[in-house]
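Trainee: Contents of final-v9.txt (compact mmCIF, C-alpha atoms and all ligand atoms):
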```txt
# COMPACT_ATOMS: atom_id res chain seq x y z
CA MET A 15 17.09 12.00 -47.16
CA LYS A 16 18.37 14.37 -49.89
CA PRO A 17 18.91 17.97 -48.61
CA LEU A 18 16.17 19.42 -50.84
CA ILE A 19 13.57 16.87 -49.79
CA ALA A 20 14.66 17.23 -46.17
CA ALA A 21 14.21 21.01 -46.38
CA ALA A 22 10.75 20.58 -47.91
CA ALA A 23 9.77 18.09 -45.20
CA PHE A 24 11.02 20.48 -42.54
CA ALA A 25 9.04 23.38 -44.05
CA ALA A 26 5.88 21.25 -44.16
CA ALA A 27 6.34 20.21 -40.54
CA ALA A 28 6.93 23.81 -39.51
CA ALA A 29 3.77 24.90 -41.36
CA CYS A 30 1.84 22.14 -39.56
CA ALA A 31 3.17 23.24 -36.21
CA ALA A 32 2.23 26.83 -36.99
CA GLN A 33 -1.37 25.75 -37.66
CA LYS A 34 -1.68 23.92 -34.35
CA PRO A 35 -3.46 25.89 -31.65
CA ALA A 36 -1.26 27.04 -28.78
CA ALA A 37 -0.88 24.36 -26.09
CA GLN A 38 -3.80 24.71 -23.74
CA LYS A 39 -3.70 24.33 -19.99
CA PRO A 40 -5.55 21.12 -19.13
CA ALA A 41 -9.03 21.75 -17.76
CA PRO A 42 -9.12 21.47 -13.96
CA PRO A 43 -10.48 18.10 -12.83
CA PRO A 44 -14.10 18.03 -11.72
CA ALA A 45 -15.00 18.49 -8.08
CA PRO A 46 -16.20 15.55 -5.97
CA GLU A 47 -19.98 15.21 -5.66
CA ASN A 48 -22.19 14.11 -2.81
CA VAL A 49 -19.26 12.81 -0.72
CA PRO A 50 -20.27 10.83 2.41
CA GLU A 51 -19.66 12.74 5.62
CA LEU A 52 -16.52 11.51 7.32
CA MET A 53 -17.29 13.01 10.69
CA THR A 54 -20.93 11.98 11.04
CA ALA A 55 -21.56 8.60 12.64
CA SER A 56 -24.27 6.30 11.30
CA SER A 57 -26.39 7.38 14.31
CA GLY A 58 -26.23 10.96 12.99
CA ALA A 59 -23.94 12.06 15.85
CA LYS A 60 -21.16 14.49 14.95
CA ILE A 61 -17.68 13.23 15.74
CA GLU A 62 -15.70 15.99 17.42
CA THR A 63 -13.04 14.29 19.52
CA ALA A 64 -10.33 11.70 18.99
CA ALA A 65 -12.03 9.58 21.69
CA ALA A 66 -15.34 9.57 19.76
CA TRP A 67 -13.46 8.81 16.56
CA GLU A 68 -11.71 5.84 18.13
CA SER A 69 -14.68 4.42 20.01
CA VAL A 70 -17.48 5.07 17.51
CA ARG A 71 -16.61 6.21 14.01
CA ALA A 72 -13.37 4.37 13.21
CA PRO A 73 -14.76 0.96 14.32
CA GLU A 74 -17.96 1.44 12.32
CA LEU A 75 -16.02 2.47 9.21
CA LEU A 76 -13.69 -0.47 9.59
CA SER A 77 -16.60 -2.93 9.69
CA LEU A 78 -18.29 -1.14 6.79
CA PHE A 79 -15.19 -1.51 4.59
CA ALA A 80 -14.85 -5.13 5.68
CA ARG A 81 -18.50 -6.02 4.96
CA GLU A 82 -18.88 -4.05 1.75
CA GLU A 83 -15.48 -3.96 0.04
CA TYR A 84 -12.57 -6.11 1.21
CA GLY A 85 -14.45 -8.83 3.09
CA VAL A 86 -14.53 -9.97 6.69
CA ARG A 87 -11.64 -12.14 7.87
CA PRO A 88 -12.68 -15.35 9.58
CA ALA A 89 -11.79 -15.45 13.29
CA ALA A 90 -9.48 -18.42 12.67
CA ALA A 91 -7.34 -16.26 10.35
CA GLU A 92 -6.99 -13.59 13.05
CA ASP A 93 -6.09 -16.13 15.74
CA ARG A 94 -2.43 -15.31 16.44
CA SER A 95 -1.85 -18.59 18.28
CA ARG A 96 -2.10 -20.33 14.88
CA THR A 97 0.93 -18.45 13.46
CA GLY A 98 4.60 -19.16 14.03
CA PHE A 99 7.80 -18.04 12.37
CA ALA A 100 11.40 -19.08 12.08
CA VAL A 101 14.46 -17.38 10.66
CA VAL A 102 15.58 -20.13 8.28
CA ASP A 103 18.62 -18.37 6.84
CA GLU A 104 20.76 -15.57 8.18
CA ARG A 105 23.92 -14.19 6.65
CA GLU A 106 25.85 -11.10 5.77
CA ALA A 107 24.74 -9.47 2.51
CA MET A 108 25.22 -6.45 0.27
CA GLY A 109 28.98 -6.49 0.64
CA GLY A 110 28.72 -6.39 4.41
CA ALA A 111 26.30 -3.46 4.56
CA ALA A 112 23.40 -5.61 5.73
CA VAL A 113 22.32 -8.77 7.45
CA ARG A 114 19.91 -10.83 5.36
CA LYS A 115 17.30 -12.83 7.17
CA ILE A 116 14.84 -15.15 5.49
CA VAL A 117 11.83 -15.78 7.67
CA GLU A 118 9.43 -18.65 7.19
CA ILE A 119 5.94 -17.98 8.47
CA THR A 120 3.61 -20.87 9.20
CA TYR A 121 -0.12 -20.61 9.62
CA LYS A 122 -1.92 -23.67 10.97
CA GLY A 123 -5.54 -23.18 10.01
CA PRO A 124 -8.52 -25.35 10.95
CA CYS A 125 -8.49 -26.93 7.46
CA GLY A 126 -4.83 -26.82 6.42
CA GLU A 127 -1.39 -25.27 6.74
CA LEU A 128 0.20 -22.41 4.80
CA LYS A 129 3.90 -21.59 4.76
CA PHE A 130 5.39 -18.51 3.13
CA ARG A 131 8.64 -16.59 3.28
CA ALA A 132 9.70 -12.99 3.70
CA THR A 133 13.16 -11.59 2.98
CA ALA A 134 14.70 -8.88 5.14
CA PHE A 135 17.86 -6.88 4.51
CA ILE A 136 18.74 -5.09 7.73
CA PRO A 137 21.46 -2.42 7.65
CA LYS A 138 24.26 -2.97 10.11
CA SER A 139 23.76 -0.37 12.79
CA PRO A 140 24.52 0.07 16.48
CA ARG A 141 20.81 0.83 16.94
CA LYS A 142 17.52 -0.76 15.96
CA VAL A 143 16.52 0.42 12.51
CA PRO A 144 13.12 1.46 11.08
CA ALA A 145 11.80 -0.66 8.22
CA PHE A 146 9.79 -0.68 4.99
CA LEU A 147 7.77 -3.82 4.26
CA LEU A 148 6.85 -4.21 0.58
CA ILE A 149 3.85 -6.31 -0.47
CA CYS A 150 5.26 -7.38 -3.83
CA ASN A 151 2.64 -7.99 -6.53
CA ARG A 152 5.13 -8.55 -9.35
CA ASP A 153 7.32 -11.50 -10.33
CA PRO A 154 9.24 -12.24 -7.12
CA LYS A 155 12.30 -13.61 -8.96
CA GLU A 156 12.80 -10.35 -10.83
CA ASN A 157 11.69 -7.91 -8.17
CA ILE A 158 12.48 -9.20 -4.69
CA ASP A 159 15.35 -11.58 -5.34
CA PRO A 160 16.85 -12.56 -1.95
CA ASP A 161 20.18 -13.29 -3.68
CA ARG A 162 20.27 -9.91 -5.48
CA ALA A 163 21.28 -11.52 -8.78
CA ALA A 164 18.24 -9.68 -10.18
CA LYS A 165 17.84 -6.08 -9.08
CA SER A 166 14.80 -3.96 -9.78
CA GLY A 167 13.78 -0.36 -9.22
CA PHE A 168 10.50 -1.78 -7.90
CA TRP A 169 12.36 -2.73 -4.71
CA PRO A 170 15.72 -0.92 -4.54
CA ALA A 171 16.75 -2.80 -1.44
CA GLU A 172 20.39 -1.61 -1.60
CA GLU A 173 19.28 2.04 -1.62
CA ILE A 174 16.78 1.49 1.20
CA VAL A 175 19.51 -0.11 3.29
CA ALA A 176 21.98 2.69 2.41
CA ARG A 177 19.45 5.18 3.78
CA GLY A 178 19.43 3.33 7.12
CA TYR A 179 16.18 1.38 6.77
CA ALA A 180 15.54 -2.35 6.70
CA ALA A 181 14.09 -3.51 3.37
CA ILE A 182 11.62 -6.35 3.85
CA ALA A 183 9.44 -7.98 1.18
CA PHE A 184 7.15 -10.91 0.51
CA TRP A 185 5.24 -12.02 -2.57
CA ASN A 186 1.45 -11.69 -2.47
CA GLY A 187 1.04 -14.83 -4.61
CA ASP A 188 2.41 -16.93 -1.75
CA ILE A 189 -0.57 -15.95 0.38
CA ALA A 190 -3.34 -16.10 -2.22
CA PRO A 191 -2.97 -16.46 -5.98
CA ASP A 192 -3.68 -13.36 -8.01
CA ASP A 193 -5.82 -15.43 -10.32
CA ARG A 194 -9.50 -14.97 -11.03
CA LYS A 195 -9.84 -18.61 -12.09
CA ALA A 196 -8.30 -20.08 -8.92
CA ARG A 197 -10.43 -17.66 -6.89
CA PHE A 198 -10.46 -18.89 -3.32
CA SER A 199 -9.34 -22.49 -3.86
CA LYS A 200 -5.63 -21.91 -3.18
CA GLY A 201 -3.35 -20.16 -0.71
CA VAL A 202 -4.60 -19.28 2.74
CA PHE A 203 -8.35 -19.49 1.95
CA PRO A 204 -8.75 -23.29 1.95
CA CYS A 205 -6.62 -23.51 5.11
CA VAL A 206 -9.18 -21.42 6.95
CA GLU A 207 -12.56 -22.62 5.69
CA ALA A 208 -14.27 -24.62 2.96
CA ALA A 209 -15.21 -22.73 -0.20
CA SER A 210 -18.85 -23.70 0.45
CA ALA A 211 -18.79 -21.56 3.62
CA ARG A 212 -18.15 -18.37 1.63
CA LYS A 213 -20.68 -15.55 1.88
CA ALA A 214 -21.20 -12.20 0.14
CA ASP A 215 -18.97 -10.53 2.72
CA SER A 216 -16.23 -13.19 2.92
CA TRP A 217 -12.63 -12.02 2.69
CA ALA A 218 -10.93 -11.94 -0.70
CA ALA A 219 -7.42 -11.57 -2.10
CA ILE A 220 -6.67 -7.99 -0.97
CA SER A 221 -7.66 -8.89 2.57
CA ALA A 222 -5.61 -12.10 2.44
CA TRP A 223 -2.52 -10.25 1.16
CA ALA A 224 -2.94 -7.64 3.91
CA TRP A 225 -3.23 -10.52 6.38
CA GLY A 226 0.15 -11.73 5.07
CA ALA A 227 1.67 -8.31 5.82
CA SER A 228 0.38 -8.54 9.38
CA ARG A 229 1.90 -11.99 9.80
CA VAL A 230 5.28 -10.61 8.68
CA MET A 231 4.75 -7.81 11.21
CA ASP A 232 4.29 -10.48 13.92
CA TRP A 233 7.87 -11.49 13.23
CA ILE A 234 9.20 -7.93 12.83
CA GLU A 235 7.93 -7.04 16.30
CA THR A 236 10.16 -9.72 17.81
CA GLU A 237 13.21 -8.97 15.68
CA PRO A 238 15.93 -7.41 17.84
CA LEU A 239 17.60 -5.55 14.95
CA ILE A 240 14.41 -3.73 13.88
CA ASP A 241 12.53 -0.90 15.54
CA GLY A 242 9.00 -2.35 15.45
CA ALA A 243 7.45 1.02 16.30
CA HIS A 244 8.63 2.45 12.98
CA VAL A 245 7.56 0.07 10.25
CA ALA A 246 5.95 1.23 6.99
CA VAL A 247 3.84 -1.07 4.84
CA ALA A 248 4.15 -0.28 1.15
CA GLY A 249 2.62 -1.48 -2.08
CA HIS A 250 2.05 -0.56 -5.69
CA SER A 251 -1.29 -0.60 -7.46
CA ARG A 252 -3.13 -3.72 -6.25
CA GLY A 253 -0.34 -3.88 -3.67
CA GLY A 254 -1.11 -0.24 -2.78
CA LYS A 255 -4.78 -1.09 -2.19
CA THR A 256 -3.51 -3.92 0.00
CA ALA A 257 -1.10 -1.68 1.94
CA LEU A 258 -4.00 0.66 2.75
CA TRP A 259 -6.17 -2.17 4.01
CA ALA A 260 -3.22 -3.58 5.98
CA GLY A 261 -2.69 -0.18 7.63
CA ALA A 262 -6.40 0.22 8.38
CA THR A 263 -6.70 -3.22 9.95
CA ASP A 264 -3.34 -3.31 11.74
CA ARG A 265 -2.32 -0.28 13.74
CA ARG A 266 1.19 -1.63 14.30
CA PHE A 267 2.07 -0.18 10.88
CA ALA A 268 3.23 3.35 11.64
CA MET A 269 3.14 4.39 7.97
CA VAL A 270 1.30 3.30 4.84
CA CYS A 271 2.75 3.93 1.35
CA SER A 272 0.05 3.75 -1.31
CA ASN A 273 1.74 3.87 -4.69
CA ASN A 274 -0.59 4.46 -7.68
CA SER A 275 -3.30 2.48 -5.86
CA GLY A 276 -6.28 3.88 -7.82
CA CYS A 277 -9.75 2.32 -7.71
CA GLY A 278 -10.34 0.31 -4.53
CA GLY A 279 -7.26 2.09 -3.14
CA MET A 280 -6.82 5.82 -2.75
CA LYS A 281 -9.15 6.96 -5.54
CA LEU A 282 -12.33 8.67 -4.37
CA ASN A 283 -15.37 7.23 -6.17
CA HIS A 284 -17.61 10.29 -5.76
CA ILE A 285 -15.97 12.14 -8.66
CA ARG A 286 -16.41 11.85 -12.43
CA LEU A 287 -13.11 10.73 -13.91
CA PRO A 288 -14.10 8.86 -17.10
CA ARG A 289 -10.53 7.82 -17.95
CA SER A 290 -10.14 6.04 -14.64
CA GLU A 291 -11.15 2.52 -13.58
CA SER A 292 -14.74 2.12 -12.38
CA ILE A 293 -16.10 -0.27 -9.76
CA ALA A 294 -17.87 -2.15 -12.57
CA LYS A 295 -14.59 -2.62 -14.45
CA ILE A 296 -12.50 -3.61 -11.46
CA THR A 297 -15.03 -6.08 -10.03
CA ARG A 298 -15.49 -7.72 -13.45
CA SER A 299 -11.77 -7.96 -14.25
CA PHE A 300 -10.66 -8.88 -10.73
CA PRO A 301 -13.60 -10.59 -9.00
CA HIS A 302 -11.16 -12.26 -6.60
CA TRP A 303 -9.84 -9.01 -5.07
CA PHE A 304 -12.95 -7.82 -3.25
CA CYS A 305 -15.86 -9.43 -1.45
CA ARG A 306 -18.98 -10.06 -3.54
CA ASN A 307 -20.82 -7.19 -1.84
CA PHE A 308 -18.58 -4.64 -3.55
CA SER A 309 -20.23 -5.41 -6.90
CA LYS A 310 -23.43 -3.81 -5.53
CA TYR A 311 -21.82 -0.43 -6.14
CA ARG A 312 -21.28 -0.87 -9.89
CA GLY A 313 -22.51 2.35 -11.51
CA LYS A 314 -23.34 3.79 -8.05
CA GLU A 315 -20.06 5.60 -7.47
CA ARG A 316 -21.71 8.93 -6.74
CA THR A 317 -24.40 7.57 -4.42
CA MET A 318 -22.66 4.83 -2.46
CA PRO A 319 -22.74 5.45 1.31
CA PHE A 320 -18.98 5.28 1.93
CA ASP A 321 -15.81 6.15 0.08
CA GLN A 322 -12.06 5.82 0.11
CA HIS A 323 -11.32 9.08 1.98
CA GLU A 324 -12.79 7.21 4.96
CA LEU A 325 -10.28 4.43 4.41
CA ALA A 326 -7.44 7.00 4.37
CA ALA A 327 -8.86 8.45 7.61
CA LEU A 328 -8.48 5.05 9.28
CA ILE A 329 -4.71 5.50 9.02
CA ALA A 330 -4.84 8.63 11.26
CA PRO A 331 -3.02 9.76 13.30
CA ARG A 332 -0.23 7.69 11.70
CA LEU A 333 1.63 8.60 8.51
CA LEU A 334 0.20 8.08 5.04
CA ALA A 335 2.24 8.55 1.85
CA VAL A 336 0.37 8.63 -1.45
CA ALA A 337 1.95 8.74 -4.90
CA VAL A 338 0.43 9.21 -8.33
CA ALA A 339 2.04 9.38 -11.79
CA THR A 340 1.28 11.96 -14.47
CA GLU A 341 0.35 9.43 -17.16
CA ASP A 342 -1.54 7.02 -14.94
CA HIS A 343 -5.07 8.24 -15.73
CA TRP A 344 -6.50 4.78 -15.04
CA SER A 345 -5.73 5.34 -11.35
CA GLY A 346 -7.71 8.62 -11.28
CA GLN A 347 -5.05 10.97 -9.93
CA ALA A 348 -7.51 13.75 -8.99
CA GLY A 349 -9.63 11.24 -7.07
CA GLN A 350 -6.57 10.23 -5.05
CA TRP A 351 -5.81 13.85 -4.22
CA HIS A 352 -9.37 14.53 -3.09
CA ALA A 353 -9.51 11.38 -0.94
CA CYS A 354 -6.39 12.58 0.89
CA ARG A 355 -7.78 16.10 1.26
CA LEU A 356 -11.14 14.88 2.57
CA ALA A 357 -9.46 12.57 5.09
CA GLY A 358 -7.72 15.54 6.80
CA PRO A 359 -10.28 16.04 9.61
CA ALA A 360 -9.28 12.67 11.10
CA TRP A 361 -5.74 13.99 11.72
CA GLU A 362 -7.10 17.30 12.98
CA LEU A 363 -8.88 15.46 15.81
CA TYR A 364 -5.39 14.62 17.07
CA GLY A 365 -4.13 18.21 16.65
CA LYS A 366 -2.22 17.17 13.51
CA LYS A 367 -2.43 18.10 9.88
CA GLY A 368 -3.18 15.70 7.04
CA LEU A 369 -2.14 17.27 3.74
CA ALA A 370 -0.13 20.43 4.13
CA ALA A 371 -1.27 21.92 0.81
CA ASP A 372 -4.45 23.12 -0.92
CA GLU A 373 -3.36 22.03 -4.39
CA PRO A 374 -1.61 18.90 -5.68
CA PRO A 375 2.12 19.52 -6.05
CA ALA A 376 3.67 19.92 -9.49
CA PRO A 377 5.12 16.77 -11.09
CA GLY A 378 8.49 16.09 -9.54
CA ALA A 379 7.58 17.82 -6.29
CA ALA A 380 6.28 16.40 -3.03
CA ARG A 381 4.29 17.87 -0.15
CA GLN A 382 5.40 16.19 3.04
CA GLU A 383 5.03 18.66 5.89
CA GLY A 384 1.80 17.17 7.22
CA CYS A 385 1.03 13.57 8.16
CA ILE A 386 -0.03 12.83 4.57
CA SER A 387 2.76 12.93 2.04
CA TYR A 388 1.66 13.40 -1.56
CA HIS A 389 3.87 13.28 -4.60
CA VAL A 390 3.36 13.27 -8.34
CA ARG A 391 5.92 11.40 -10.42
CA GLN A 392 6.41 12.19 -14.07
CA GLY A 393 5.63 9.05 -16.05
CA VAL A 394 3.54 5.90 -16.18
CA HIS A 395 1.99 3.49 -13.69
CA ASP A 396 4.96 2.07 -11.77
CA LEU A 397 6.88 1.98 -8.51
CA THR A 398 10.32 3.43 -9.08
CA PRO A 399 13.40 4.48 -7.10
CA TYR A 400 12.07 8.06 -7.33
CA ASP A 401 8.95 7.01 -5.40
CA TRP A 402 11.03 5.14 -2.82
CA GLU A 403 13.19 8.21 -2.28
CA ARG A 404 10.07 10.24 -1.47
CA TYR A 405 8.84 7.59 1.00
CA LEU A 406 12.26 7.49 2.66
CA ASP A 407 12.39 11.33 2.78
CA PHE A 408 8.99 11.35 4.48
CA ALA A 409 10.14 8.88 7.14
CA ASP A 410 13.34 10.91 7.63
CA LEU A 411 11.32 14.11 7.94
CA HIS A 412 9.27 12.54 10.69
CA GLY A 413 12.42 11.57 12.54
CA TRP A 414 12.24 7.82 11.99
CA ARG A 415 15.98 7.45 12.07
CA GLY A 416 16.37 9.77 15.05
CA LYS A 417 13.71 7.93 17.01
CA GLN A 418 15.44 4.58 17.12
CA THR A 419 16.03 3.09 20.51
CA THR A 420 19.67 2.28 21.24
CA ARG A 421 20.63 -1.35 21.10
CA LYS A 422 23.54 -2.53 23.21
CA ARG A 423 25.49 -4.27 20.48
CA LEU A 424 25.00 -5.60 16.99
CA GLU A 425 24.31 -9.27 17.31
CA PRO A 426 26.33 -11.48 14.98
CA PRO A 427 24.30 -13.39 12.38
CA ARG A 428 22.87 -16.62 13.76
CA ALA A 429 23.38 -19.97 12.12
CA ALA A 430 20.99 -20.87 9.33
CA GLY A 431 17.89 -22.76 10.44
CA ARG A 432 17.98 -21.48 14.01
CA LYS A 433 14.46 -20.93 15.30
CA ASN A 434 13.12 -17.65 16.56
CA LYS A 435 11.04 -16.99 19.65
CA GLY A 436 7.67 -17.08 17.95
CA ASP A 437 7.75 -20.70 16.68
C1 LIG A 501 -4.85 -2.91 -13.29
C2 LIG A 501 -6.06 -2.68 -12.42
C3 LIG A 501 -5.74 -1.65 -11.39
C4 LIG A 501 -4.37 -1.83 -10.77
C5 LIG A 501 -3.33 -2.49 -11.67
C6 LIG A 501 -2.13 -3.14 -10.98
O1 LIG A 501 -5.07 -3.75 -14.33
O2 LIG A 501 -7.11 -2.28 -13.22
O3 LIG A 501 -6.76 -1.58 -10.42
O4 LIG A 501 -4.45 -2.46 -9.57
O5 LIG A 501 -3.86 -3.46 -12.47
O6 LIG A 501 -2.23 -3.75 -9.92
O7 LIG A 501 -1.05 -3.03 -11.55
```
For the file at hand, write its structure as C-alpha cells.
Ligand code: GTR

Mentor:
Amino acid sequence: MKPLIAAAAFAAAAACAAQKPAAQKPAPPPAPENVPELMTASSGAKIETAAAWESVRAPELLSLFAREEYGVRPAAAEDRSRTGFAVVDEREAMGGAAVRKIVEITYKGPCGELKFRATAFIPKSPRKVPAFLLICNRDPKENIDPDRAAKSGFWPAEEIVARGYAAIAFWNGDIAPDDRKARFSKGVFPCVEAASARKADSWAAISAWAWGASRVMDWIETEPLIDGAHVAVAGHSRGGKTALWAGATDRRFAMVCSNNSGCGGMKLNHIRLPRSESIAKITRSFPHWFCRNFSKYRGKERTMPFDQHELAALIAPRLLAVAVATEDHWSGQAGQWHACRLAGPAWELYGKKGLAADEPPAPGAARQEGCISYHVRQGVHDLTPYDWERYLDFADLHGWRGKQTTRKRLEPPRAAGRKNKGD
C-alpha cells in the first residue's frame, strides 16, 4: 500500500472506531426459573440428613435419570461375573518415567462377547499413585496413542504422569459406536439383548460409554500400582456428559471432571439460554445418546420435573470439577454454573461445601476451595492442557498425592500377555 493511501485508510478506520459505541459490559445471564427442588423427595418429605439423602432421595433421583434421560442398564450388563480383564502388554515408557500397561477387558454377554482395550501410563513411584481415567470421544489414534507417536493436548499423558498421576484412557467407540445410523446394533448393545427388546427407557450410548468406564475401574481396583480410592473419571463434551453419568452410577470414582459438557451434562435446563443447545436439538441430532423417554422433554425445559443440578448432586460428597470455555455458548456456560450452585445442598448434608464462590470466576481463574471446582478457560469448545492442569491442581489441593498408601516396592514390569487376577 502506498503511504498516502495507507494514511487515508488508517484515518477512515480511526473514524469508524470513533463512531463505535464504547464496549458494553455483557448483560448478566438470566436467572433459572421454576427449578425442581433438590431436597424434596417425591413423597413431599424434606431431606435434611445425609442418611435420608442416601436412603431416599439419591436412589430416587438415580432411577429418575436412568428412566427419563440416560436409560436403564440391563441386569446382564451390570453382572460383574461376566467381565474379565488381562494386562496384554506391559513395558517401560516415557523415557523410563512410567510403566505402560495395556488392559484388555472382556464382557461375555447373554447374546455375544465384547472386547475393548484401555491404556494406562503409571508414573514410577515408591507408592501407589492416584489416577485420571479419560473417556476419549475423539479419534483414538490422534488423541490417546499408546505408542505416543501422536501427542495431543486432549490427553497430555506425559504431563499427567509428571504430576504424579496415572493417565488412563479408552475410546468410547470401542464400547458403542457414536453413530446415529448404527444406533444400538453394534458394540455392547447386541451382546446384552436383542434390538427388539428395547423399550422407551432402554440404555443408550452415554450409558454404555459410562459402563465402559466402570469396567476399566474394575481393573484399576485390582492394579497394585494404582491407588483405587483416588481415581477421577474425566471427559469432554459428550464424554463429559458420560463422565457425570459414570460418577453418578459408580461411587468408586472419587472425582468427576466434566469438561464443557453442556446440554445433557452440566447445563441446567430451567434457564433461558437461546444460544445453547436445547433438548429438541440434542435428541434430534444424537438420538443414540439418550433413552427415547428424554425426547418427551423437547420444548419443556422450564417445566420438566428434574434437572441436571440433581445429577451433579449425585456426585456428593465426592469431588466434582466443572470447566466451561468463554466462547462455548452452545454449552450454556451460565446453565453449568447454576447447576453447580444449586447442587451445593447435597455437599452441605455432609458438612462440606460445594462451590466456594457466589459468582463464576473470571476467565483464566478457578475456584477450587470447595468440593466443586469451577474454571472458565478463555477460548472455544475443547479439552486442553490448561483444563488438565486445573483438574490436577484440584486433586493436589484435596491431598490426592499425600493420601497414597505406601507400597513396599515398585514391581518390575511383567511379561507381555501375562494375565491379571480378574480374568
Ligand atoms: C455437539 C453437541 C454437544 C456436544 C458436542 C461434543 O455437536 O451438540 O452436545 O456434546 O457435540 O461432544 O463435542

Trainee: Taking all atoms listed in the file into account, name the residue in A:Ala380, A:Ile296, A:Val245, A:Val202 that is nearest to ligand LIG 501 (chain A).

Mentor: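 Of the candidates, the smallest distance to ligand LIG 501 (chain A) is held by A:Ile296.
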
Trainee: Residues at most 9 Å from ligand LIG 501 (chain A), using only C-alpha atoms and all ligand atoms? Could they come as a count of residues only?

Mentor: 25

Trainee: Hey, can you check how far CA of Pro204 in chain A sits from CA of Cys125 in chain A?

Mentor: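 Calculated distance between CA of Pro204 in chain A and CA of Cys125 in chain A is 6.6 Å.
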
Trainee: Please indicate the distance in Å from CA of Lys200 in chain A to CA of Ile293 in chain A, rounded to one decimal place.

Mentor: 24.9 Å

Trainee: Counting all atoms listed in the file, figure out which residue out of A:Ala209, A:Pro140, A:Arg177, A:Ile182 gets nearest to Ile158 in chain A.

Mentor: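 Closest residue, counting all atoms listed in the file: A:Ile182.
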
Trainee: Which residue out of A:Ala357, A:Ala107, A:Cys205, A:Cys385 has the minimum interatomic distance to Met269 in chain A when all atoms listed in the file are used?

Mentor: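 The answer is A:Cys385, which sits nearest to Met269 in chain A.
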
Trainee: Determine, counting all atoms listed in the file, every residue of protein, DNA or RNA that lies within 12 Å of (-12.9, 9.4, -16.7) in the file coordinates, then give the result as an NGL selection string.

Mentor: :A and (43-44 or 277 or 283-292 or 342-349)

Trainee: Determine, counting all atoms listed in the file, which protein, DNA and RNA residues have an atom within 9 Å of an atom of Phe308 in chain A; residues of the same chain fewer than 3 positions away are not included. Present the result as a list in words.

Mentor: Arg81, Glu82, Glu83, Tyr84, Gly85, Ala214, Asp215, Ile293, Thr297, Phe304, Cys305, Tyr311 and Arg312 of chain A

Trainee: For the interface of range 212-265 of chain A with range 397-421 of chain A (cut-off 10 Å, counting all atoms listed in the file), please tabulate each contacting residue of range 212-265 of chain A alongside its nearest pair of atoms and their separation in Å to one decimal, rows sorted by chain and increasing number, as a tab-separated table.

Mentor:
```
residue	atom	partner	partner_atom	distance
A:Pro238	CA	A:Arg421	CA	8.3
A:Leu239	CA	A:Arg421	CA	8.0
A:Ile240	CA	A:Gln418	CA	9.0
A:Asp241	CA	A:Gln418	CA	6.4
A:Gly242	CA	A:Gln418	CA	9.6
A:Ala243	CA	A:Gln418	CA	8.8
A:His244	CA	A:Trp414	CA	6.5
A:Val245	CA	A:Trp414	CA	9.2
A:Ala246	CA	A:Ala409	CA	8.7
A:Ala248	CA	A:Tyr405	CA	9.2
A:Gly249	CA	A:Leu397	CA	8.5
A:His250	CA	A:Leu397	CA	6.1
A:Ser251	CA	A:Leu397	CA	8.6
```

Trainee: Filtering to C-alpha atoms, could you give me those residues as a PDB file, in the coordinates of the input?

Mentor:
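part-v9.pdb was written with the following content:
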```pdb
ATOM      1  CA  PRO A 238      15.930  -7.410  17.840  1.00  0.00           C
ATOM      2  CA  LEU A 239      17.600  -5.550  14.950  1.00  0.00           C
ATOM      3  CA  ILE A 240      14.410  -3.730  13.880  1.00  0.00           C
ATOM      4  CA  ASP A 241      12.530  -0.900  15.540  1.00  0.00           C
ATOM      5  CA  GLY A 242       9.000  -2.350  15.450  1.00  0.00           C
ATOM      6  CA  ALA A 243       7.450   1.020  16.300  1.00  0.00           C
ATOM      7  CA  HIS A 244       8.630   2.450  12.980  1.00  0.00           C
ATOM      8  CA  VAL A 245       7.560   0.070  10.250  1.00  0.00           C
ATOM      9  CA  ALA A 246       5.950   1.230   6.990  1.00  0.00           C
ATOM     10  CA  ALA A 248       4.150  -0.280   1.150  1.00  0.00           C
ATOM     11  CA  GLY A 249       2.620  -1.480  -2.080  1.00  0.00           C
ATOM     12  CA  HIS A 250       2.050  -0.560  -5.690  1.00  0.00           C
ATOM     13  CA  SER A 251      -1.290  -0.600  -7.460  1.00  0.00           C
TER      14      SER A 251
END
```

Trainee: List the spatial neighbours of range 61-71 of chain A as a PyMOL selection string - criterion: any atom at most 7 Å away, all atoms listed in the file, same-chain residues fewer than 5 positions off excluded.

Mentor: chain A and resi 53-55+363-364

Trainee: I need the chosen residues saved as a CSV table (one decimal), keeping the file's coordinate frame, with C-alpha atoms.

Mentor:
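Saved result, result-v9.csv, follows:
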```csv
chain,number,residue,atom,x,y,z
A,53,MET,CA,-17.3,13.0,10.7
A,54,THR,CA,-20.9,12.0,11.0
A,55,ALA,CA,-21.6,8.6,12.6
A,363,LEU,CA,-8.9,15.5,15.8
A,364,TYR,CA,-5.4,14.6,17.1
```

Trainee: With only C-alpha atoms as the atoms that count, which of A:Glu324, A:Glu207, A:Glu315, A:Glu172 lies nearest to Glu127 in chain A?

Mentor: A:Glu207

Trainee: Between CA of Phe168 in chain A and CA of Gly358 in chain A, what is the distance, to one decimal in Å?

Mentor: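 One can read the CA of Phe168 in chain A to CA of Gly358 in chain A distance as 29.1 Å.
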
Trainee: With 8 Å added on each side, what axis-aligned box encloses every listed atom of range 399-412 of chain A? Give the centre and edge lengths in Å to one decimal, as lines of an AutoDock Vina configuration file.

Mentor:
```
center_x = 11.1
center_y = 9.3
center_z = 1.7
size_x = 20.6
size_y = 25.6
size_z = 34.0
```

Trainee: Report as a PyMOL selection string all protein, DNA and RNA residues lying within 10 Å of Ala218 in chain A, evaluated on all atoms listed in the file, omitting residues in the same chain fewer than 4 positions from it.

Mentor: chain A and resi 83-87+190+197-198+203+212+222-223+301-306

Trainee: Measuring atom to atom with all atoms listed in the file, identify which of A:Ala90, A:Ile116, A:Leu148, A:Leu333 is nearest to Arg265 in chain A.

Mentor: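 Of the candidates, the smallest distance to Arg265 in chain A is held by A:Leu333.
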
Trainee: Ranking A:Asp161, A:Gly178, A:Val206, A:Val49 by minimum distance to Arg96 in chain A and counting all atoms listed in the file, which one comes first?

Mentor: A:Val206

Trainee: May I have the residues within 10 Å of Arg332 in chain A as a ChimeraX atom specification, using all atoms listed in the file and disregarding those fewer than 5 positions away in the same chain?

Mentor: /A:261,265-270,327,361,366,368,385-386
